[in-house]
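**Student:** Handing over work19.cif, mmCIF, C-alpha atoms and all ligand atoms.
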```
data_run
#
loop_
_atom_site.group_PDB
_atom_site.id
_atom_site.type_symbol
_atom_site.label_atom_id
_atom_site.label_comp_id
_atom_site.auth_asym_id
_atom_site.auth_seq_id
_atom_site.Cartn_x
_atom_site.Cartn_y
_atom_site.Cartn_z
ATOM 1 C CA MET M 177 -6.312 8.315 -32.432
ATOM 2 C CA VAL M 178 -2.566 7.896 -32.226
ATOM 3 C CA LYS M 179 -1.381 4.325 -32.668
ATOM 4 C CA ILE M 180 -0.420 2.645 -29.402
ATOM 5 C CA SER M 181 3.061 1.786 -30.671
ATOM 6 C CA VAL M 182 3.672 5.449 -31.528
ATOM 7 C CA ALA M 183 2.314 6.627 -28.168
ATOM 8 C CA LEU M 184 4.518 4.112 -26.335
ATOM 9 C CA GLU M 185 7.587 5.285 -28.186
ATOM 10 C CA ALA M 186 6.764 8.893 -27.286
ATOM 11 C CA ILE M 187 6.328 8.005 -23.607
ATOM 12 C CA ASN M 188 9.590 6.073 -23.493
ATOM 13 C CA THR M 189 11.330 9.086 -25.035
ATOM 14 C CA ARG M 190 9.698 11.364 -22.447
ATOM 15 C CA ILE M 191 10.900 9.068 -19.647
ATOM 16 C CA ALA M 192 14.447 9.029 -21.048
ATOM 17 C CA LYS M 193 14.528 12.830 -21.348
ATOM 18 C CA ALA M 194 13.117 13.385 -17.852
ATOM 19 C CA ALA M 195 15.702 10.955 -16.462
ATOM 20 C CA SER M 196 18.716 12.410 -18.218
ATOM 21 C CA LYS M 197 17.680 15.920 -17.193
ATOM 22 C CA VAL M 198 18.262 14.945 -13.556
ATOM 23 C CA GLY M 199 21.252 12.668 -14.188
ATOM 24 C CA ARG M 200 19.383 9.382 -13.902
ATOM 25 C CA GLN M 201 19.539 6.367 -16.224
ATOM 26 C CA PRO M 202 16.318 5.682 -18.180
ATOM 27 C CA THR M 203 16.748 2.000 -17.242
ATOM 28 C CA GLU M 204 16.122 2.904 -13.567
ATOM 29 C CA ILE M 205 12.506 3.702 -14.454
ATOM 30 C CA LEU M 206 9.903 1.082 -15.347
ATOM 31 C CA LEU M 207 6.858 1.923 -17.411
ATOM 32 C CA LEU M 208 3.595 0.446 -16.164
ATOM 33 C CA ALA M 209 0.731 0.770 -18.667
ATOM 34 C CA ALA M 210 -2.439 1.599 -16.691
ATOM 35 C CA SER M 211 -5.001 -0.158 -18.851
ATOM 36 C CA LYS M 212 -8.290 0.272 -16.951
ATOM 37 C CA THR M 213 -11.342 0.644 -19.246
ATOM 38 C CA ASN M 214 -9.258 -0.325 -22.273
ATOM 39 C CA PRO M 215 -10.056 -3.673 -23.898
ATOM 40 C CA ALA M 216 -7.780 -6.713 -24.090
ATOM 41 C CA SER M 217 -7.210 -6.014 -27.799
ATOM 42 C CA GLN M 218 -5.514 -2.700 -26.901
ATOM 43 C CA ILE M 219 -3.351 -4.394 -24.288
ATOM 44 C CA ARG M 220 -2.339 -6.990 -26.871
ATOM 45 C CA GLU M 221 -1.419 -4.210 -29.267
ATOM 46 C CA ALA M 222 0.730 -2.583 -26.579
ATOM 47 C CA TRP M 223 2.363 -5.935 -25.825
ATOM 48 C CA LEU M 224 3.231 -6.400 -29.496
ATOM 49 C CA ALA M 225 4.852 -2.950 -29.358
ATOM 50 C CA GLY M 226 7.100 -4.139 -26.494
ATOM 51 C CA GLN M 227 5.171 -3.181 -23.338
ATOM 52 C CA THR M 228 5.254 -5.984 -20.729
ATOM 53 C CA ILE M 229 3.887 -4.496 -17.463
ATOM 54 C CA PHE M 230 0.210 -3.597 -17.131
ATOM 55 C CA GLY M 231 -1.774 -2.215 -14.196
ATOM 56 C CA GLU M 232 -5.473 -2.692 -13.531
ATOM 57 C CA ASN M 233 -7.795 -1.063 -10.959
ATOM 58 C CA TYR M 234 -10.966 -3.137 -10.910
ATOM 59 C CA LEU M 235 -10.768 -6.838 -10.187
ATOM 60 C CA GLN M 236 -13.646 -8.094 -12.299
ATOM 61 C CA GLU M 237 -12.552 -6.121 -15.324
ATOM 62 C CA ALA M 238 -8.944 -7.233 -14.794
ATOM 63 C CA LEU M 239 -9.766 -10.942 -14.469
ATOM 64 C CA GLU M 240 -11.580 -10.926 -17.802
ATOM 65 C CA LYS M 241 -8.573 -9.394 -19.518
ATOM 66 C CA ILE M 242 -6.053 -11.633 -17.733
ATOM 67 C CA LEU M 243 -7.988 -14.635 -19.038
ATOM 68 C CA ALA M 244 -8.256 -13.229 -22.562
ATOM 69 C CA LEU M 245 -4.487 -12.566 -22.612
ATOM 70 C CA SER M 246 -3.310 -15.705 -20.814
ATOM 71 C CA ASP M 247 -1.214 -16.671 -23.864
ATOM 72 C CA LEU M 248 1.097 -13.710 -23.114
ATOM 73 C CA PRO M 249 3.552 -13.631 -20.146
ATOM 74 C CA ILE M 250 2.296 -10.207 -19.037
ATOM 75 C CA GLU M 251 3.331 -8.951 -15.595
ATOM 76 C CA TRP M 252 0.047 -7.821 -14.003
ATOM 77 C CA HIS M 253 0.020 -5.169 -11.274
ATOM 78 C CA PHE M 254 -3.045 -4.338 -9.186
ATOM 79 C CA ILE M 255 -3.217 -0.562 -8.609
ATOM 80 C CA GLY M 256 -6.814 0.083 -7.479
ATOM 81 C CA PRO M 257 -8.622 0.257 -4.135
ATOM 82 C CA ILE M 258 -8.852 -3.161 -2.432
ATOM 83 C CA GLN M 259 -11.941 -4.516 -0.702
ATOM 84 C CA SER M 260 -11.102 -7.254 1.790
ATOM 85 C CA ASN M 261 -13.347 -9.836 0.096
ATOM 86 C CA LYS M 262 -11.236 -9.475 -3.087
ATOM 87 C CA THR M 263 -7.817 -10.364 -1.667
ATOM 88 C CA LYS M 264 -7.897 -14.024 -2.667
ATOM 89 C CA ARG M 265 -8.359 -13.420 -6.364
ATOM 90 C CA ILE M 266 -5.877 -10.550 -6.308
ATOM 91 C CA ALA M 267 -3.272 -12.755 -4.583
ATOM 92 C CA GLU M 268 -3.836 -15.513 -7.142
ATOM 93 C CA ASN M 269 -3.718 -13.423 -10.293
ATOM 94 C CA PHE M 270 -1.247 -10.568 -9.889
ATOM 95 C CA ALA M 271 2.536 -10.281 -9.553
ATOM 96 C CA TRP M 272 2.412 -6.900 -7.768
ATOM 97 C CA VAL M 273 -0.047 -4.896 -5.664
ATOM 98 C CA HIS M 274 0.617 -1.134 -5.373
ATOM 99 C CA SER M 275 -2.378 -0.151 -3.261
ATOM 100 C CA VAL M 276 -1.958 -1.832 0.133
ATOM 101 C CA ASP M 277 -2.992 0.729 2.744
ATOM 102 C CA ARG M 278 -3.940 -1.227 5.861
ATOM 103 C CA LYS M 279 -2.785 -4.204 7.918
ATOM 104 C CA LYS M 280 -5.948 -6.218 7.371
ATOM 105 C CA ILE M 281 -5.497 -6.182 3.585
ATOM 106 C CA ALA M 282 -1.785 -7.059 3.844
ATOM 107 C CA GLU M 283 -2.500 -9.896 6.254
ATOM 108 C CA ARG M 284 -5.152 -11.332 3.940
ATOM 109 C CA LEU M 285 -2.953 -11.041 0.821
ATOM 110 C CA SER M 286 -0.205 -12.873 2.718
ATOM 111 C CA ARG M 287 -2.603 -15.631 3.760
ATOM 112 C CA ASP M 288 -4.123 -15.904 0.254
ATOM 113 C CA ARG M 289 -0.921 -15.876 -1.826
ATOM 114 C CA PRO M 290 -0.520 -19.414 -3.231
ATOM 115 C CA GLU M 291 2.653 -21.244 -2.128
ATOM 116 C CA SER M 292 3.271 -22.218 -5.753
ATOM 117 C CA LEU M 293 3.791 -18.594 -6.804
ATOM 118 C CA PRO M 294 6.718 -16.274 -6.032
ATOM 119 C CA PRO M 295 6.115 -13.745 -3.215
ATOM 120 C CA LEU M 296 3.569 -11.064 -4.047
ATOM 121 C CA GLN M 297 5.453 -7.780 -4.608
ATOM 122 C CA ILE M 298 3.950 -5.019 -2.480
ATOM 123 C CA CYS M 299 3.905 -1.238 -2.472
ATOM 124 C CA LEU M 300 2.123 0.698 0.250
ATOM 125 C CA GLN M 301 -0.170 3.440 -0.975
ATOM 126 C CA VAL M 302 0.399 6.637 0.991
ATOM 127 C CA ASN M 303 -2.160 9.449 1.086
ATOM 128 C CA VAL M 304 0.224 12.327 0.418
ATOM 129 C CA SER M 305 -2.478 14.886 -0.360
ATOM 130 C CA GLY M 306 -4.374 14.456 2.898
ATOM 131 C CA GLU M 307 -7.706 14.499 1.030
ATOM 132 C CA ASN M 308 -10.026 12.310 3.049
ATOM 133 C CA THR M 309 -11.677 10.870 -0.088
ATOM 134 C CA LYS M 310 -8.351 9.329 -1.106
ATOM 135 C CA SER M 311 -7.160 5.820 -0.319
ATOM 136 C CA GLY M 312 -3.773 5.413 1.287
ATOM 137 C CA VAL M 313 -2.188 5.149 4.693
ATOM 138 C CA ALA M 314 -1.577 8.480 6.447
ATOM 139 C CA PRO M 315 2.090 9.512 6.093
ATOM 140 C CA GLU M 316 2.676 9.317 9.843
ATOM 141 C CA CYS M 317 1.428 5.693 9.918
ATOM 142 C CA ALA M 318 3.454 4.488 6.903
ATOM 143 C CA ALA M 319 6.469 3.244 8.895
ATOM 144 C CA ASP M 320 4.355 1.124 11.212
ATOM 145 C CA LEU M 321 2.519 -0.463 8.256
ATOM 146 C CA ALA M 322 5.817 -1.013 6.397
ATOM 147 C CA ASN M 323 7.381 -2.831 9.364
ATOM 148 C CA TYR M 324 4.297 -4.993 9.651
ATOM 149 C CA VAL M 325 4.181 -5.905 5.943
ATOM 150 C CA ALA M 326 7.937 -6.578 5.790
ATOM 151 C CA GLN M 327 7.594 -9.532 8.174
ATOM 152 C CA LEU M 328 4.565 -11.189 6.532
ATOM 153 C CA PRO M 329 5.225 -14.474 4.716
ATOM 154 C CA ARG M 330 4.660 -14.707 0.932
ATOM 155 C CA LEU M 331 4.795 -10.916 0.560
ATOM 156 C CA LYS M 332 7.827 -8.904 -0.513
ATOM 157 C CA LEU M 333 7.683 -5.247 0.474
ATOM 158 C CA ARG M 334 9.135 -3.255 -2.464
ATOM 159 C CA GLY M 335 8.257 0.349 -1.646
ATOM 160 C CA LEU M 336 5.661 3.100 -1.779
ATOM 161 C CA MET M 337 3.001 4.369 -4.154
ATOM 162 C CA ALA M 338 1.002 7.607 -4.307
ATOM 163 C CA VAL M 339 -1.681 9.271 -6.370
ATOM 164 C CA PRO M 340 -1.205 12.989 -5.625
ATOM 165 C CA GLU M 341 -4.021 15.486 -5.672
ATOM 166 C CA LEU M 342 -4.997 16.682 -9.125
ATOM 167 C CA THR M 343 -3.657 20.203 -9.274
ATOM 168 C CA THR M 344 -2.396 22.622 -11.840
ATOM 169 C CA THR M 345 0.225 23.888 -9.427
ATOM 170 C CA VAL M 346 3.522 22.228 -10.256
ATOM 171 C CA ALA M 347 4.987 23.217 -6.887
ATOM 172 C CA LEU M 348 2.175 21.544 -4.947
ATOM 173 C CA GLN M 349 2.397 18.413 -7.063
ATOM 174 C CA ARG M 350 6.124 18.285 -6.617
ATOM 175 C CA SER M 351 5.833 18.688 -2.846
ATOM 176 C CA GLN M 352 3.576 15.623 -2.700
ATOM 177 C CA PHE M 353 6.033 13.477 -4.664
ATOM 178 C CA HIS M 354 8.773 14.867 -2.464
ATOM 179 C CA MET M 355 6.874 13.828 0.652
ATOM 180 C CA LEU M 356 6.644 10.251 -0.637
ATOM 181 C CA ARG M 357 10.353 10.295 -1.402
ATOM 182 C CA ASN M 358 11.151 11.476 2.122
ATOM 183 C CA ILE M 359 9.109 8.697 3.706
ATOM 184 C CA TYR M 360 10.819 6.200 1.398
ATOM 185 C CA ASP M 361 14.294 7.444 2.319
ATOM 186 C CA GLN M 362 13.405 7.273 6.015
ATOM 187 C CA LEU M 363 12.218 3.670 5.726
ATOM 188 C CA LYS M 364 15.453 2.736 3.969
ATOM 189 C CA LYS M 365 17.475 4.471 6.642
ATOM 190 C CA ASN M 366 15.566 2.405 9.212
ATOM 191 C CA GLY M 367 16.828 -0.728 7.473
ATOM 192 C CA LEU M 368 14.015 -1.834 5.172
ATOM 193 C CA GLY M 369 15.348 -3.262 1.900
ATOM 194 C CA ILE M 370 13.001 -1.424 -0.447
ATOM 195 C CA ASP M 371 13.712 -0.200 -3.977
ATOM 196 C CA THR M 372 10.472 1.094 -5.515
ATOM 197 C CA LEU M 373 8.774 4.475 -5.715
ATOM 198 C CA SER M 374 5.614 4.098 -7.787
ATOM 199 C CA MET M 375 4.566 7.625 -8.720
ATOM 200 C CA GLY M 376 3.862 9.723 -11.806
ATOM 201 C CA MET M 377 1.016 9.510 -14.336
ATOM 202 C CA SER M 378 0.452 10.905 -17.845
ATOM 203 C CA GLU M 379 0.358 14.560 -16.751
ATOM 204 C CA ASP M 380 3.153 14.603 -14.201
ATOM 205 C CA LEU M 381 5.608 11.819 -14.957
ATOM 206 C CA ASP M 382 8.463 14.274 -15.548
ATOM 207 C CA ILE M 383 8.141 15.798 -12.060
ATOM 208 C CA ALA M 384 7.820 12.329 -10.526
ATOM 209 C CA ILE M 385 11.022 11.174 -12.222
ATOM 210 C CA ALA M 386 12.839 14.280 -10.982
ATOM 211 C CA GLU M 387 11.694 13.306 -7.473
ATOM 212 C CA GLY M 388 12.966 9.736 -7.806
ATOM 213 C CA ALA M 389 10.131 7.618 -9.305
ATOM 214 C CA THR M 390 11.209 4.084 -10.260
ATOM 215 C CA ILE M 391 7.812 3.048 -11.689
ATOM 216 C CA VAL M 392 5.576 5.472 -13.577
ATOM 217 C CA ARG M 393 1.959 4.440 -14.186
ATOM 218 C CA ILE M 394 0.719 5.772 -17.507
ATOM 219 C CA GLY M 395 -2.777 5.360 -18.934
ATOM 220 C CA THR M 396 -4.187 8.159 -21.081
ATOM 221 C CA ALA M 397 -0.905 8.991 -22.807
ATOM 222 C CA ILE M 398 -0.694 5.394 -24.096
ATOM 223 C CA PHE M 399 -4.304 4.387 -24.725
ATOM 224 C CA GLY M 400 -6.003 7.750 -25.254
ATOM 225 C CA PRO M 401 -9.025 8.944 -23.259
ATOM 226 C CA ARG M 402 -10.651 6.271 -21.103
ATOM 227 C CA ARG M 403 -13.643 4.409 -22.529
ATOM 228 C CA TYR M 404 -15.849 5.484 -19.662
ATOM 229 C CA PRO M 405 -15.309 7.841 -16.743
ATOM 230 C CA ILE M 406 -13.759 6.618 -13.510
ATOM 231 C CA PRO M 407 -14.792 8.919 -10.658
ATOM 232 C CA GLU M 408 -12.895 8.671 -7.363
ATOM 233 C CA ASN M 409 -13.573 5.470 -5.456
ATOM 234 C CA TRP M 410 -15.949 4.150 -8.040
ATOM 235 C CA GLY M 411 -16.958 0.636 -7.022
ATOM 236 C CA GLU M 412 -16.040 -2.127 -9.431
ATOM 237 C CA GLU M 413 -19.661 -3.271 -9.524
ATOM 238 C CA LEU M 414 -20.476 -0.030 -11.318
ATOM 239 C CA VAL M 415 -17.659 -0.590 -13.751
ATOM 240 C CA VAL M 416 -18.979 -4.016 -14.639
ATOM 241 C CA ARG M 417 -22.385 -2.489 -15.242
ATOM 242 C CA ALA M 418 -20.872 0.200 -17.456
ATOM 243 C CA THR M 419 -19.001 -2.463 -19.458
ATOM 244 C CA GLN M 420 -22.183 -4.376 -20.058
ATOM 245 C CA GLN M 421 -24.110 -1.386 -21.391
HETATM 246 C C1 LIG R 501 -5.629 5.479 -14.046
HETATM 247 C C2 LIG R 501 -4.462 5.437 -13.147
HETATM 248 C C3 LIG R 501 -3.203 5.834 -13.602
HETATM 249 C C4 LIG R 501 -2.939 6.389 -14.976
HETATM 250 O O1 LIG R 501 -3.474 7.694 -15.095
HETATM 251 P P1 LIG R 501 -3.306 8.558 -16.440
HETATM 252 O O2 LIG R 501 -3.534 9.938 -15.989
HETATM 253 O O3 LIG R 501 -4.331 8.071 -17.392
HETATM 254 O O4 LIG R 501 -1.942 8.334 -16.958
HETATM 255 C C5 LIG R 501 -2.138 5.714 -12.708
HETATM 256 N N1 LIG R 501 -2.314 5.257 -11.448
HETATM 257 C C6 LIG R 501 -3.513 4.887 -10.981
HETATM 258 C C7 LIG R 501 -3.635 4.381 -9.588
HETATM 259 C C8 LIG R 501 -4.624 4.973 -11.812
HETATM 260 O O5 LIG R 501 -5.821 4.615 -11.329
#
```
Take the structure I supplied and represent it as structure tokens, if you would.

**Tutor:**
Amino acid sequence: MVKISVALEAINTRIAKAASKVGRQPTEILLLAASKTNPASQIREAWLAGQTIFGENYLQEALEKILALSDLPIEWHFIGPIQSNKTKRIAENFAWVHSVDRKKIAERLSRDRPESLPPLQICLQVNVSGENTKSGVAPECAADLANYVAQLPRLKLRGLMAVPELTTTVALQRSQFHMLRNIYDQLKKNGLGIDTLSMGMSEDLDIAIAEGATIVRIGTAIFGPRRYPIPENWGEELVVRATQQ
């Protein structure tokens, strides 16, 4: 397997090239390392190679790693589906949440965010593919949710996130990123002070950057193939079981 430091360097080069191709500065784009299923030792290796932002999908798995790496000032982002009984520990342990898709979850994160911590940075996940298995607020409901989240205490609305449909058609993929960008531009026009478009993964980061991504979330291209499969909407209980096997 490729060393993590080498993989990170390659990804940063890919980001810089994709940015300059469309006249953007590489510094406008943050790299989030999506570390689900990869052990704390791999995250530490990535940290030592200069990576500071990590994203996790499953709370139990994340909390174990956050504890194991508490000697490092890592910025932890939660990027997975959120069950409402998990909001307290998410609000206590993460700097960002990318996957807020309903008022109830936002309201609970706001209530549960400790006063001693800075505001929790929030992106709304939008279902741009329209697949009904996917998490995310429907595009036509995004503005209402954004206005609601923007006025909640202890939360700071930063922008939008999407996980487009897996497709080999570049045009279709691009149209989904473009849809997120359009919603984002509309919200800004309506006066929301947002600055973040979280979109683009290992396979499609170049298209996402062309469409305006400010955070790309990269897993496989940094850590290699995942340690165990993550089907859509896999419950974290199953992940814990898989880890224990
Ligand atoms: C796993 C994951 C990623 C990273 O995907 P790769 O294809 O491995 O780069 C990005 N975003 C979310 C929400 C994920 O769950």

**Student:** Around ligand LIG 501 (chain R), which protein and nucleic acid residues have at least one atom no more than 7 Å from it, if we count only C-alpha atoms and all ligand atoms? List them as a compact mmCIF listing (two decimals) with C-alpha atoms, in the coordinates of the input.

**Tutor:**
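result.txt, freshly written:
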```
# COMPACT_ATOMS: atom_id res chain seq x y z
CA ALA M 210 -2.44 1.60 -16.69
CA LYS M 212 -8.29 0.27 -16.95
CA ASN M 233 -7.80 -1.06 -10.96
CA ILE M 255 -3.22 -0.56 -8.61
CA GLY M 256 -6.81 0.08 -7.48
CA VAL M 339 -1.68 9.27 -6.37
CA MET M 377 1.02 9.51 -14.34
CA SER M 378 0.45 10.90 -17.84
CA GLU M 379 0.36 14.56 -16.75
CA ARG M 393 1.96 4.44 -14.19
CA ILE M 394 0.72 5.77 -17.51
CA GLY M 395 -2.78 5.36 -18.93
CA THR M 396 -4.19 8.16 -21.08
CA ALA M 397 -0.90 8.99 -22.81
```

**Student:** Please expand the PyMOL selection byres (((chain M and resi 327-335) around 7) and not hetatm) into the concrete residues it hits in this file, giving the result as an mmCIF file with C-alpha atoms, keeping the file's coordinate frame.

**Tutor:**
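result.cif, written as the output of this step:
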```cif
data_model
loop_
_atom_site.group_PDB
_atom_site.id
_atom_site.type_symbol
_atom_site.label_atom_id
_atom_site.label_comp_id
_atom_site.auth_asym_id
_atom_site.auth_seq_id
_atom_site.Cartn_x
_atom_site.Cartn_y
_atom_site.Cartn_z
ATOM 1 C CA SER M 286 -0.205 -12.873 2.718
ATOM 2 C CA ARG M 289 -0.921 -15.876 -1.826
ATOM 3 C CA PRO M 295 6.115 -13.745 -3.215
ATOM 4 C CA LEU M 296 3.569 -11.064 -4.047
ATOM 5 C CA GLN M 297 5.453 -7.780 -4.608
ATOM 6 C CA ILE M 298 3.950 -5.019 -2.480
ATOM 7 C CA CYS M 299 3.905 -1.238 -2.472
ATOM 8 C CA LEU M 300 2.123 0.698 0.250
ATOM 9 C CA ASN M 323 7.381 -2.831 9.364
ATOM 10 C CA TYR M 324 4.297 -4.993 9.651
ATOM 11 C CA VAL M 325 4.181 -5.905 5.943
ATOM 12 C CA ALA M 326 7.937 -6.578 5.790
ATOM 13 C CA LEU M 336 5.661 3.100 -1.779
ATOM 14 C CA ILE M 370 13.001 -1.424 -0.447
ATOM 15 C CA ASP M 371 13.712 -0.200 -3.977
ATOM 16 C CA THR M 372 10.472 1.094 -5.515
ATOM 17 C CA LEU M 373 8.774 4.475 -5.715
#
```

**Student:** Applying the PyMOL selection byres (((chain M and resi 204) around 9) and not hetatm) to the file I just gave you, which residues come out? Please list them as a PyMOL selection string.

**Tutor:** chain M and resi 195+200-203+205-206+389-391

**Student:** Select, from M:Glu251, M:Asp277, M:Glu268, M:Asp361, the residue with the minimum atom-to-atom distance to Glu291 (chain M), counting all atoms listed in the file.

**Tutor:**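 Of M:Glu251, M:Asp277, M:Glu268, M:Asp361, the one nearest Glu291 (chain M), counting all atoms listed in the file, is M:Glu268.
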
**Student:** Out of M:Ala267, M:Val182, M:Leu293, M:Ile191, which residue has the shortest atom-to-atom distance to Asp380 (chain M) when counting all atoms listed in the file?

**Tutor:**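 Ranking M:Ala267, M:Val182, M:Leu293, M:Ile191 by distance to Asp380 (chain M), first place goes to M:Ile191.
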
**Student:** Taking the file above as input, evaluate the PyMOL selection byres (((chain M and resi 265) around 12) and not hetatm) and report the hits as a PyMOL selection string.

**Tutor:** chain M and resi 234-236+238-239+242+254+258-264+266-271+273+284-285+287-290

**Student:** Can you work out which one of M:Asp382, M:Glu237, M:Glu232, M:Asp247 has the shortest atom-to-atom distance to Lys193 (chain M), counting all atoms listed in the file?

**Tutor:**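 Nearest candidate to Lys193 (chain M) out of M:Asp382, M:Glu237, M:Glu232, M:Asp247: M:Asp382.
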
**Student:** Env of region 215-221 of chain M: 12 Å cut, atoms = only C-alpha atoms, seq-sep filter 5 positions within chain, self excluded. Answer as a ChimeraX atom specification.

**Tutor:** /M:179-184,208-210,226-232,237-252,395,398-400,402-404,419

**Student:** If I only have part of region 220-231 of chain M, can you fill in N, CA and C atoms and write it as a PDB file, in the frame of the given file?

**Tutor:**
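Written output follows (out.pdb):
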```
ATOM      1  N   ARG M 220      -3.102  -6.121 -25.964  1.00  0.00           N
ATOM      2  CA  ARG M 220      -2.339  -6.990 -26.871  1.00  0.00           C
ATOM      3  C   ARG M 220      -1.523  -6.155 -27.854  1.00  0.00           C
ATOM      4  N   GLU M 221      -2.132  -5.093 -28.337  1.00  0.00           N
ATOM      5  CA  GLU M 221      -1.419  -4.210 -29.267  1.00  0.00           C
ATOM      6  C   GLU M 221      -0.201  -3.579 -28.583  1.00  0.00           C
ATOM      7  N   ALA M 222      -0.389  -3.169 -27.329  1.00  0.00           N
ATOM      8  CA  ALA M 222       0.730  -2.583 -26.579  1.00  0.00           C
ATOM      9  C   ALA M 222       1.818  -3.637 -26.336  1.00  0.00           C
ATOM     10  N   TRP M 223       1.408  -4.842 -26.019  1.00  0.00           N
ATOM     11  CA  TRP M 223       2.363  -5.935 -25.825  1.00  0.00           C
ATOM     12  C   TRP M 223       3.200  -6.146 -27.092  1.00  0.00           C
ATOM     13  N   LEU M 224       2.529  -6.176 -28.223  1.00  0.00           N
ATOM     14  CA  LEU M 224       3.231  -6.400 -29.496  1.00  0.00           C
ATOM     15  C   LEU M 224       4.211  -5.262 -29.791  1.00  0.00           C
ATOM     16  N   ALA M 225       3.943  -4.089 -29.192  1.00  0.00           N
ATOM     17  CA  ALA M 225       4.852  -2.950 -29.358  1.00  0.00           C
ATOM     18  C   ALA M 225       5.939  -2.951 -28.283  1.00  0.00           C
ATOM     19  N   GLY M 226       5.997  -3.997 -27.438  1.00  0.00           N
ATOM     20  CA  GLY M 226       7.100  -4.139 -26.494  1.00  0.00           C
ATOM     21  C   GLY M 226       6.779  -3.861 -25.035  1.00  0.00           C
ATOM     22  N   GLN M 227       5.540  -3.486 -24.726  1.00  0.00           N
ATOM     23  CA  GLN M 227       5.171  -3.181 -23.338  1.00  0.00           C
ATOM     24  C   GLN M 227       4.843  -4.479 -22.589  1.00  0.00           C
ATOM     25  N   THR M 228       5.435  -4.692 -21.413  1.00  0.00           N
ATOM     26  CA  THR M 228       5.254  -5.984 -20.729  1.00  0.00           C
ATOM     27  C   THR M 228       4.561  -5.882 -19.374  1.00  0.00           C
ATOM     28  N   ILE M 229       4.487  -4.671 -18.790  1.00  0.00           N
ATOM     29  CA  ILE M 229       3.887  -4.496 -17.463  1.00  0.00           C
ATOM     30  C   ILE M 229       2.589  -3.701 -17.594  1.00  0.00           C
ATOM     31  N   PHE M 230       1.511  -4.267 -17.057  1.00  0.00           N
ATOM     32  CA  PHE M 230       0.210  -3.597 -17.131  1.00  0.00           C
ATOM     33  C   PHE M 230      -0.406  -3.518 -15.746  1.00  0.00           C
ATOM     34  N   GLY M 231      -1.116  -2.414 -15.487  1.00  0.00           N
ATOM     35  CA  GLY M 231      -1.774  -2.215 -14.196  1.00  0.00           C
ATOM     36  C   GLY M 231      -3.271  -2.096 -14.376  1.00  0.00           C
TER      37      GLY M 231
END
```
